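K.L.:
Questions regarding the structure given below will be posed in turn.
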Amino acid sequence: MEKAIIKTLLEKYWQAETTVEEEQALAAYFRQETIDPELQPYGDLFAYFGEEQQVTAGPGFDERILQRLGIADASSLAPDDAHSTATVRTIRPFSLGLIAAAAAIAALIVGLFLLTPPVQRNVLATVDQPARPAEIKDTYDDPQQALAAVRHALLIASTHLNEGRQQLTGGRK
Amino acid sequence: MHVEAFKQHILPLKDKLFRFALHFLQNVQEAEDAVQDVMAGVWARRAEWPQWNSIPAYCMTATRNNCLDRLRRRRIRVLPMEKASQVGSPDRDPHETMTDKQMIQRIRQCMEELPPHQQQVIRLREMEGFSYNEIAEVLDMTLDQVKVNLFRGRNAIRKTITKEEAQWKKQ
């Protein structure tokens, strides 16, 4: 019975008389495990169509489209906000290099700040702030103690500089 | 509102558009680029959406036009499509699977040798489930032309299947 119906549908199919629904019924029949041997060759035709339907764009294609349109974060976008399409901005290795360079410069500034004599700092502070109390002079009576403080400051500056350099080198690879 | 409508009704067409673009361009990356171009164009014209008869047909037409422009720019002849991997049922006899694969291969070859309009009509109908009206809109044909192309394309494939089947029976 089923075979007779399928044969009739197939005849209509070859005449280009079938509806989309009838063609779907044919495809569903030929997807079954057991197909009448006489009809088997036509099963390969529907198998071919099925294979072709499996071809899809690569993963993440949805996101790439939405980013191209500038509506990747749709929840925060008002419907009429984006009449022009937006270009996606990506962080490139060069940008990472810049960040690393900025970190190195910051470390250098910190280092120089630490190396600056305490008196000098106080002078700068007086521009906007009242003079510091006389008891905080930040000077050392013992030369050995002063030398140890300078060594410590240099060590901190050197550490920061190395960190900055490593980031800079890593970022440009 | 537009964003949600786009996500619900237009974005899901991406694979259909991609397959059609791939059929023309034979290059995955370029096909994706074509679909992105189309999506960007459709989004830019969102004020016109309510006036379109069929959004899938509009998108497919835009895809076809985009691909034809790209091919014109390339100025090269379209090469046969790279063969997709074939999946056979693990439960079937190996010989049977082999002959099935051969048959599918013959069908694919036959499809590729069909005139472009017949190929496109068959693709839109069999793989994308488009109505005759939508196919007519996409390919700028009359309904009769759609039907004639579909009839001829299907019967060319049928002949291939019958011929192949007869050869196997002789062996």
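Residues are referred to by chain and number: the chain letter is A, B, ... according to the order shown in the structure tokens, the number counts from 1 in that chain, and ligands are numbered separately from 1 in the order shown.
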Chain B residues within 8 Å of chain A, counting only C-alpha atoms: which ones, as an MDAnalysis selection string?
P.N.:
chainID B and resid 1:3 11 14:16 18:19 28 32 36 39:40 43:44 84 86:87 100 103:104 107:108 126:131 147 150:151 154:155 158 161 165
K.L.:
Chain B: which residues are alpha helix (DSSP H) by DSSP, as a VMD selection string?
P.N.:
chain B and resid 2 to 5 14 to 25 28 to 44 55 to 74 94 to 113 116 to 122 132 to 139 143 to 170
K.L.:
What's the separation between CA of Asp69 (chain B) and CA of Arg152 (chain B), in Å to one decimal place?
P.N.:
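Computing it gives 27.4 Å between the two atoms.
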K.L.:
Near Ile10 (chain B), counting only C-alpha atoms, which residues have an atom at most 9 Å away, once you skip same-chain residues fewer than 3 positions from it, shown as number ranges by chain?
P.N.:
B: 5-7, 13-14, 39, 42, 55-56, 59
K.L.:
Once you have the residues from the selection above, write them out as a short mmCIF file (atom, residue, chain, number, x, y, z; two decimals), in the first residue's frame, restricted to N, CA, C and O atoms.
P.N.:
data_model
loop_
_atom_site.label_atom_id
_atom_site.label_comp_id
_atom_site.auth_asym_id
_atom_site.auth_seq_id
_atom_site.Cartn_x
_atom_site.Cartn_y
_atom_site.Cartn_z
N ALA B 5 13.35 40.82 15.34
CA ALA B 5 12.79 40.31 14.07
C ALA B 5 13.91 39.76 13.19
O ALA B 5 13.76 38.70 12.57
N PHE B 6 15.03 40.45 13.18
CA PHE B 6 16.17 40.00 12.38
C PHE B 6 16.65 38.64 12.88
O PHE B 6 16.88 37.72 12.10
N LYS B 7 16.77 38.53 14.19
CA LYS B 7 17.27 37.28 14.77
C LYS B 7 16.31 36.12 14.55
O LYS B 7 16.73 34.98 14.37
N LEU B 13 18.17 32.17 8.15
CA LEU B 13 18.30 31.85 6.73
C LEU B 13 19.76 31.69 6.31
O LEU B 13 20.05 31.34 5.17
N LYS B 14 20.66 31.97 7.24
CA LYS B 14 22.07 32.06 6.87
C LYS B 14 22.61 30.81 6.18
O LYS B 14 23.39 30.91 5.23
N MET B 39 23.38 40.08 4.48
CA MET B 39 22.75 40.38 5.78
C MET B 39 22.89 41.87 6.11
O MET B 39 21.95 42.48 6.63
N VAL B 42 20.40 43.73 3.98
CA VAL B 42 19.02 43.51 4.45
C VAL B 42 18.78 44.33 5.73
O VAL B 42 17.72 44.93 5.89
N ILE B 55 10.58 37.33 2.56
CA ILE B 55 11.93 37.68 3.03
C ILE B 55 12.96 36.64 2.56
O ILE B 55 14.02 37.01 2.08
N PRO B 56 12.64 35.32 2.66
CA PRO B 56 13.63 34.35 2.15
C PRO B 56 13.96 34.57 0.67
O PRO B 56 15.12 34.48 0.26
N CYS B 59 16.19 37.65 0.30
CA CYS B 59 17.57 37.37 0.74
C CYS B 59 18.30 36.49 -0.28
O CYS B 59 19.48 36.68 -0.56
#
K.L.:
Can you tell me how far CA of Thr63 (chain B) sits from CA of Gly41 (chain B), in Å to one decimal?
P.N.:
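Going from CA of Thr63 (chain B) over to CA of Gly41 (chain B), I get 10.2 Å.
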K.L.:
Using only C-alpha atoms, which residue out of B:Gln51, B:Arg45, B:Phe20, B:Pro116 lies closest to Asn66 (chain B)?
P.N.:
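The shortest atom-to-atom distance to Asn66 (chain B) comes from B:Phe20.
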K.L.:
Could you jot down the CA of Ala21 (chain B) to CA of Gln102 (chain B) separation for me, Å, one decimal place?
P.N.:
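Spanning CA of Ala21 (chain B) to CA of Gln102 (chain B) is a straight-line distance of 26.1 Å.
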K.L.:
Need the shell around Ser54 (chain B): protein/DNA/RNA residues with any atom at most 12 Å away, counting only C-alpha atoms. Skip same-chain ones fewer than 2 positions apart. Format as number ranges by chain?
P.N.:
B: 9-10, 48-52, 56-61, 130-131, 133-138
K.L.:
Find the residues near Val121 (chain B): any atom within 8 Å, counting only C-alpha atoms, skip ones fewer than 3 places away on the same chain, and give them as number ranges by chain.
P.N.:
B: 117-118, 124-125, 135, 146, 149-150
